[in-house]
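To be precise, the following lines are work_9.pdb, and they hold PDB, C-alpha atoms.
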MODEL        1
ATOM      1  CA  MET A   1     -10.352  -9.886 -16.001  1.00  0.00           C
ATOM      2  CA  PHE A   2      -6.792  -8.671 -15.566  1.00  0.00           C
ATOM      3  CA  SER A   3      -4.259  -7.354 -17.994  1.00  0.00           C
ATOM      4  CA  GLU A   4      -0.509  -7.264 -17.548  1.00  0.00           C
ATOM      5  CA  ILE A   5       1.671  -4.199 -17.756  1.00  0.00           C
ATOM      6  CA  ILE A   6       5.376  -4.886 -18.262  1.00  0.00           C
ATOM      7  CA  VAL A   7       7.822  -2.303 -16.936  1.00  0.00           C
ATOM      8  CA  ASN A   8      11.565  -2.613 -17.556  1.00  0.00           C
ATOM      9  CA  PHE A   9      13.974  -0.653 -15.359  1.00  0.00           C
ATOM     10  CA  VAL A  10      17.538   0.244 -16.314  1.00  0.00           C
ATOM     11  CA  LYS A  11      20.352   1.922 -14.338  1.00  0.00           C
ATOM     12  CA  SER A  12      23.867   2.602 -15.575  1.00  0.00           C
ATOM     13  CA  ASP A  13      25.521   0.825 -12.638  1.00  0.00           C
ATOM     14  CA  ARG A  14      23.408  -2.319 -13.282  1.00  0.00           C
ATOM     15  CA  ASN A  15      23.017  -2.841  -9.519  1.00  0.00           C
ATOM     16  CA  TYR A  16      19.400  -3.891  -9.028  1.00  0.00           C
ATOM     17  CA  ASP A  17      19.630  -5.539  -5.616  1.00  0.00           C
ATOM     18  CA  ASN A  18      16.549  -4.788  -3.492  1.00  0.00           C
ATOM     19  CA  TRP A  19      14.869  -2.479  -6.059  1.00  0.00           C
ATOM     20  CA  GLY A  20      11.097  -2.706  -6.366  1.00  0.00           C
ATOM     21  CA  ILE A  21       8.221  -0.743  -7.840  1.00  0.00           C
ATOM     22  CA  HIS A  22       5.385   1.073  -6.070  1.00  0.00           C
ATOM     23  CA  PHE A  23       2.281   1.406  -8.237  1.00  0.00           C
ATOM     24  CA  TRP A  24      -0.927   3.400  -7.740  1.00  0.00           C
ATOM     25  CA  TYR A  25      -3.744   5.084  -9.590  1.00  0.00           C
ATOM     26  CA  ILE A  26      -6.090   8.018  -9.100  1.00  0.00           C
ATOM     27  CA  ASP A  27      -9.725   7.740 -10.137  1.00  0.00           C
ATOM     28  CA  GLU A  28     -11.992  10.414 -11.608  1.00  0.00           C
ATOM     29  CA  ASN A  29     -12.907  11.569  -8.065  1.00  0.00           C
ATOM     30  CA  SER A  30      -9.215  12.078  -7.157  1.00  0.00           C
ATOM     31  CA  VAL A  31      -9.234   9.044  -4.848  1.00  0.00           C
ATOM     32  CA  ILE A  32      -5.817   7.365  -4.633  1.00  0.00           C
ATOM     33  CA  TYR A  33      -5.639   3.564  -4.796  1.00  0.00           C
ATOM     34  CA  ASN A  34      -2.326   1.999  -3.822  1.00  0.00           C
ATOM     35  CA  LEU A  35      -1.734  -1.336  -5.507  1.00  0.00           C
ATOM     36  CA  THR A  36       1.294  -1.904  -3.285  1.00  0.00           C
ATOM     37  CA  GLU A  37       2.458  -0.981   0.193  1.00  0.00           C
ATOM     38  CA  TRP A  38       5.623   1.130   0.446  1.00  0.00           C
ATOM     39  CA  ASN A  39       7.453  -1.492   2.513  1.00  0.00           C
ATOM     40  CA  LYS A  40       6.270  -4.297   0.183  1.00  0.00           C
ATOM     41  CA  PRO A  41       6.957  -3.128  -3.392  1.00  0.00           C
ATOM     42  CA  ILE A  42       6.344  -5.278  -6.437  1.00  0.00           C
ATOM     43  CA  LEU A  43       9.540  -7.250  -7.001  1.00  0.00           C
ATOM     44  CA  PRO A  44      11.049  -7.961 -10.414  1.00  0.00           C
ATOM     45  CA  GLU A  45       9.883 -11.049 -12.277  1.00  0.00           C
ATOM     46  CA  LYS A  46      12.901 -11.252 -14.549  1.00  0.00           C
ATOM     47  CA  SER A  47      16.380  -9.811 -14.851  1.00  0.00           C
ATOM     48  CA  THR A  48      19.078  -9.630 -17.477  1.00  0.00           C
ATOM     49  CA  ASP A  49      22.558  -8.151 -17.283  1.00  0.00           C
ATOM     50  CA  LYS A  50      21.032  -4.813 -18.395  1.00  0.00           C
ATOM     51  CA  THR A  51      17.513  -4.528 -16.941  1.00  0.00           C
ATOM     52  CA  ILE A  52      15.004  -5.862 -14.466  1.00  0.00           C
ATOM     53  CA  SER A  53      11.393  -6.446 -15.490  1.00  0.00           C
ATOM     54  CA  PHE A  54       8.238  -6.032 -13.445  1.00  0.00           C
ATOM     55  CA  ILE A  55       4.852  -7.485 -14.334  1.00  0.00           C
ATOM     56  CA  ILE A  56       1.906  -5.588 -12.899  1.00  0.00           C
ATOM     57  CA  LYS A  57      -1.583  -7.046 -13.079  1.00  0.00           C
ATOM     58  CA  VAL A  58      -4.278  -4.421 -13.508  1.00  0.00           C
ATOM     59  CA  ASP A  59      -8.038  -4.927 -13.603  1.00  0.00           C
ATOM     60  CA  LYS A  60      -9.235  -3.804 -17.039  1.00  0.00           C
ATOM     61  CA  GLN A  61     -12.020  -1.767 -15.427  1.00  0.00           C
ATOM     62  CA  THR A  62      -9.417   0.576 -13.927  1.00  0.00           C
ATOM     63  CA  PHE A  63      -7.788   1.518 -17.249  1.00  0.00           C
ATOM     64  CA  ASP A  64      -9.590   4.867 -17.424  1.00  0.00           C
ATOM     65  CA  ASN A  65      -7.659   6.090 -14.396  1.00  0.00           C
ATOM     66  CA  ARG A  66      -4.335   7.910 -14.137  1.00  0.00           C
ATOM     67  CA  PHE A  67      -1.555   5.444 -13.249  1.00  0.00           C
ATOM     68  CA  PHE A  68       1.691   6.283 -11.480  1.00  0.00           C
ATOM     69  CA  MET A  69       4.775   4.360 -10.428  1.00  0.00           C
ATOM     70  CA  ILE A  70       8.003   4.925  -8.604  1.00  0.00           C
ATOM     71  CA  PHE A  71      11.024   2.651  -8.403  1.00  0.00           C
ATOM     72  CA  HIS A  72      12.614   2.445  -4.993  1.00  0.00           C
ATOM     73  CA  LYS A  73      15.095   0.650  -2.811  1.00  0.00           C
ATOM     74  CA  GLY A  74      14.075   1.580   0.711  1.00  0.00           C
ATOM     75  CA  ASP A  75      14.002   5.389   0.702  1.00  0.00           C
ATOM     76  CA  GLU A  76      16.220   5.738  -2.399  1.00  0.00           C
ATOM     77  CA  LYS A  77      13.821   6.357  -5.259  1.00  0.00           C
ATOM     78  CA  SER A  78      13.213   7.542  -8.771  1.00  0.00           C
ATOM     79  CA  VAL A  79      10.848  10.406  -9.507  1.00  0.00           C
ATOM     80  CA  ASP A  80       7.095   9.765  -9.668  1.00  0.00           C
ATOM     81  CA  ILE A  81       6.209   8.664 -13.183  1.00  0.00           C
ATOM     82  CA  GLU A  82       2.773   9.024 -14.757  1.00  0.00           C
ATOM     83  CA  LEU A  83       2.111   6.304 -17.299  1.00  0.00           C
ATOM     84  CA  PRO A  84       0.549   7.090 -20.675  1.00  0.00           C
ATOM     85  CA  ASN A  85      -2.801   5.644 -21.716  1.00  0.00           C
ATOM     86  CA  LEU A  86      -2.846   1.967 -20.769  1.00  0.00           C
ATOM     87  CA  TYR A  87      -5.272   1.116 -23.582  1.00  0.00           C
ATOM     88  CA  ASN A  88      -2.550   1.819 -26.120  1.00  0.00           C
ATOM     89  CA  PHE A  89       0.592   0.974 -24.171  1.00  0.00           C
ATOM     90  CA  LYS A  90       1.385  -1.957 -21.925  1.00  0.00           C
ATOM     91  CA  LYS A  91       5.176  -2.118 -22.152  1.00  0.00           C
ATOM     92  CA  PHE A  92       7.480   0.521 -20.724  1.00  0.00           C
ATOM     93  CA  LEU A  93      11.197   1.101 -20.253  1.00  0.00           C
ATOM     94  CA  TYR A  94      12.322   3.537 -17.564  1.00  0.00           C
ATOM     95  CA  ASN A  95      15.924   4.770 -17.512  1.00  0.00           C
ATOM     96  CA  LYS A  96      16.698   6.090 -14.019  1.00  0.00           C
ATOM     97  CA  ASP A  97      19.906   7.856 -15.043  1.00  0.00           C
ATOM     98  CA  GLU A  98      18.194   9.822 -17.792  1.00  0.00           C
ATOM     99  CA  ASN A  99      14.803  10.007 -16.053  1.00  0.00           C
ATOM    100  CA  SER A 100      13.188   8.915 -19.313  1.00  0.00           C
ATOM    101  CA  LEU A 101      10.219   6.684 -20.041  1.00  0.00           C
ATOM    102  CA  GLU A 102       9.702   4.899 -23.363  1.00  0.00           C
ATOM    103  CA  SER A 103       6.340   3.372 -24.256  1.00  0.00           C
ATOM    104  CA  TYR A 104       5.746   0.540 -26.668  1.00  0.00           C
ATOM    105  CA  LYS A 105       2.535   0.107 -28.637  1.00  0.00           C
ATOM    106  CA  ASN A 106       0.473  -2.995 -27.948  1.00  0.00           C
ATOM    107  CA  GLU A 107       0.815  -5.629 -30.591  1.00  0.00           C
TER     108      GLU A 107
ENDMDL
END

Starting from the coordinates I provided, produce the structure as structure tokens.
Amino acid sequence: MFSEIIVNFVKSDRNYDNWGIHFWYIDENSVIYNLTEWNKPILPEKSTDKTISFIIKVDKQTFDNRFFMIFHKGDEKSVDIELPNLYNFKKFLYNKDENSLESYKNE
């Protein structure tokens, strides 16, 4: 069974052309699992005049792992971001200009 993680991305210039998200996790044995290829990032599902939104499907059995993401447009990228506990949070807002991540409790 899969669960969805929703990640919203905001930049002050509001130019989101060709931006995607690279997503991976590290298990308890420090093995890295890439859920995307660098040249094939997850593309946004939705956009508004302020943000773009990504929906990432994650197998519930992998929730105990450490998850990471990076937004990128080719080689232009944000910093690596470690996500908080996915059991409690499934919605995130990343502000590239402020390098800040907000988490929203599951409802």

For region 41-54 of chain A, list every protein, DNA or RNA residue within 8 Å, evaluated using only C-alpha atoms, and leave out those in the same chain fewer than 6 positions away; present the list as number ranges by chain. A: 6-11, 14, 16, 19-22

Just C-alpha atoms for this one: save the residues we selected as an mmCIF file, in the coordinates of the input.
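See out23.cif below for the written result:
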data_model
loop_
_atom_site.group_PDB
_atom_site.id
_atom_site.type_symbol
_atom_site.label_atom_id
_atom_site.label_comp_id
_atom_site.auth_asym_id
_atom_site.auth_seq_id
_atom_site.Cartn_x
_atom_site.Cartn_y
_atom_site.Cartn_z
ATOM 1 C CA ILE A 6 5.376 -4.886 -18.262
ATOM 2 C CA VAL A 7 7.822 -2.303 -16.936
ATOM 3 C CA ASN A 8 11.565 -2.613 -17.556
ATOM 4 C CA PHE A 9 13.974 -0.653 -15.359
ATOM 5 C CA VAL A 10 17.538 0.244 -16.314
ATOM 6 C CA LYS A 11 20.352 1.922 -14.338
ATOM 7 C CA ARG A 14 23.408 -2.319 -13.282
ATOM 8 C CA TYR A 16 19.400 -3.891 -9.028
ATOM 9 C CA TRP A 19 14.869 -2.479 -6.059
ATOM 10 C CA GLY A 20 11.097 -2.706 -6.366
ATOM 11 C CA ILE A 21 8.221 -0.743 -7.840
ATOM 12 C CA HIS A 22 5.385 1.073 -6.070
#

Distance in Å - CA of Glu98 (chain A) versus CA of Met69 (chain A):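 So the answer is 16.3 Å.
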
From the set A:Ile70, A:Ile5, A:Ile26, A:Leu35, which residue has the shortest atom-to-atom contact distance to Phe92 (chain A), counting only C-alpha atoms?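 Checking each of A:Ile70, A:Ile5, A:Ile26, A:Leu35 against Phe92 (chain A), counting only C-alpha atoms, the winner is A:Ile5.
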
Measure the distance from CA of Ser12 (chain A) to CA of Lys91 (chain A) in Å and round it to one decimal. 20.4 Å

If the PyMOL selection byres ((chain A and resi 25) around 12) were run on this exact file, what residues would it hold? Put them as number ranges by chain. A: 22-24, 26-36, 58-59, 62-70, 80-83, 86

Using CA of Glu4 (chain A) and CA of Ser100 (chain A) as the two end points, give the distance in Å to one decimal. 21.3 Å

Taking 2 positions as the minimum chain separation for residues in the same chain, which residues sit within 8 Å of Gly74 (chain A) when counting all atoms listed in the file? Answer as a VMD selection string. chain A and resid 19 39 72 76 to 77

Put the listed atoms of region 65-83 of chain A in a box along x, y and z with 3 Å added on every side and give me the centre and edge lengths in Å to one decimal, as AutoDock Vina command-line options.
--center_x 4.3 --center_y 5.5 --center_z -8.3 --size_x 29.9 --size_y 15.8 --size_z 24.0

Rebuild N, CA and C atoms on region 37-54 of chain A, as a PDB file, in the frame of the given file?
ATOM      1  N   GLU A  37       2.081  -1.701  -1.020  1.00  0.00           N
ATOM      2  CA  GLU A  37       2.458  -0.981   0.193  1.00  0.00           C
ATOM      3  C   GLU A  37       3.911  -0.546   0.031  1.00  0.00           C
ATOM      4  N   TRP A  38       4.269   0.600   0.609  1.00  0.00           N
ATOM      5  CA  TRP A  38       5.623   1.130   0.446  1.00  0.00           C
ATOM      6  C   TRP A  38       6.680   0.124   0.894  1.00  0.00           C
ATOM      7  N   ASN A  39       6.448  -0.550   1.999  1.00  0.00           N
ATOM      8  CA  ASN A  39       7.453  -1.492   2.513  1.00  0.00           C
ATOM      9  C   ASN A  39       7.346  -2.871   1.864  1.00  0.00           C
ATOM     10  N   LYS A  40       6.410  -3.040   0.919  1.00  0.00           N
ATOM     11  CA  LYS A  40       6.270  -4.297   0.183  1.00  0.00           C
ATOM     12  C   LYS A  40       6.075  -3.994  -1.301  1.00  0.00           C
ATOM     13  N   PRO A  41       7.105  -3.469  -1.968  1.00  0.00           N
ATOM     14  CA  PRO A  41       6.957  -3.128  -3.392  1.00  0.00           C
ATOM     15  C   PRO A  41       6.817  -4.385  -4.244  1.00  0.00           C
ATOM     16  N   ILE A  42       6.356  -4.186  -5.467  1.00  0.00           N
ATOM     17  CA  ILE A  42       6.344  -5.278  -6.437  1.00  0.00           C
ATOM     18  C   ILE A  42       7.799  -5.583  -6.770  1.00  0.00           C
ATOM     19  N   LEU A  43       8.161  -6.841  -6.716  1.00  0.00           N
ATOM     20  CA  LEU A  43       9.540  -7.250  -7.001  1.00  0.00           C
ATOM     21  C   LEU A  43       9.660  -7.668  -8.462  1.00  0.00           C
ATOM     22  N   PRO A  44      10.873  -7.598  -9.003  1.00  0.00           N
ATOM     23  CA  PRO A  44      11.049  -7.961 -10.414  1.00  0.00           C
ATOM     24  C   PRO A  44      10.746  -9.431 -10.668  1.00  0.00           C
ATOM     25  N   GLU A  45      10.182  -9.680 -11.848  1.00  0.00           N
ATOM     26  CA  GLU A  45       9.883 -11.049 -12.277  1.00  0.00           C
ATOM     27  C   GLU A  45      11.061 -11.657 -13.035  1.00  0.00           C
ATOM     28  N   LYS A  46      11.835 -10.775 -13.668  1.00  0.00           N
ATOM     29  CA  LYS A  46      12.901 -11.252 -14.549  1.00  0.00           C
ATOM     30  C   LYS A  46      14.038 -10.245 -14.520  1.00  0.00           C
ATOM     31  N   SER A  47      15.249 -10.727 -14.748  1.00  0.00           N
ATOM     32  CA  SER A  47      16.380  -9.811 -14.851  1.00  0.00           C
ATOM     33  C   SER A  47      17.330 -10.299 -15.937  1.00  0.00           C
ATOM     34  N   THR A  48      18.018  -9.335 -16.527  1.00  0.00           N
ATOM     35  CA  THR A  48      19.078  -9.630 -17.477  1.00  0.00           C
ATOM     36  C   THR A  48      20.308  -8.887 -16.962  1.00  0.00           C
ATOM     37  N   ASP A  49      21.380  -8.906 -17.711  1.00  0.00           N
ATOM     38  CA  ASP A  49      22.558  -8.151 -17.283  1.00  0.00           C
ATOM     39  C   ASP A  49      22.349  -6.648 -17.458  1.00  0.00           C
ATOM     40  N   LYS A  50      21.272  -6.237 -18.148  1.00  0.00           N
ATOM     41  CA  LYS A  50      21.032  -4.813 -18.395  1.00  0.00           C
ATOM     42  C   LYS A  50      19.814  -4.257 -17.671  1.00  0.00           C
ATOM     43  N   THR A  51      18.760  -5.038 -17.501  1.00  0.00           N
ATOM     44  CA  THR A  51      17.513  -4.528 -16.941  1.00  0.00           C
ATOM     45  C   THR A  51      16.889  -5.513 -15.955  1.00  0.00           C
ATOM     46  N   ILE A  52      15.906  -4.995 -15.210  1.00  0.00           N
ATOM     47  CA  ILE A  52      15.004  -5.862 -14.466  1.00  0.00           C
ATOM     48  C   ILE A  52      13.593  -5.561 -14.977  1.00  0.00           C
ATOM     49  N   SER A  53      12.744  -6.580 -14.950  1.00  0.00           N
ATOM     50  CA  SER A  53      11.393  -6.446 -15.490  1.00  0.00           C
ATOM     51  C   SER A  53      10.364  -6.736 -14.412  1.00  0.00           C
ATOM     52  N   PHE A  54       9.346  -5.885 -14.373  1.00  0.00           N
ATOM     53  CA  PHE A  54       8.238  -6.032 -13.445  1.00  0.00           C
ATOM     54  C   PHE A  54       6.982  -6.326 -14.241  1.00  0.00           C
TER      55      PHE A  54
END
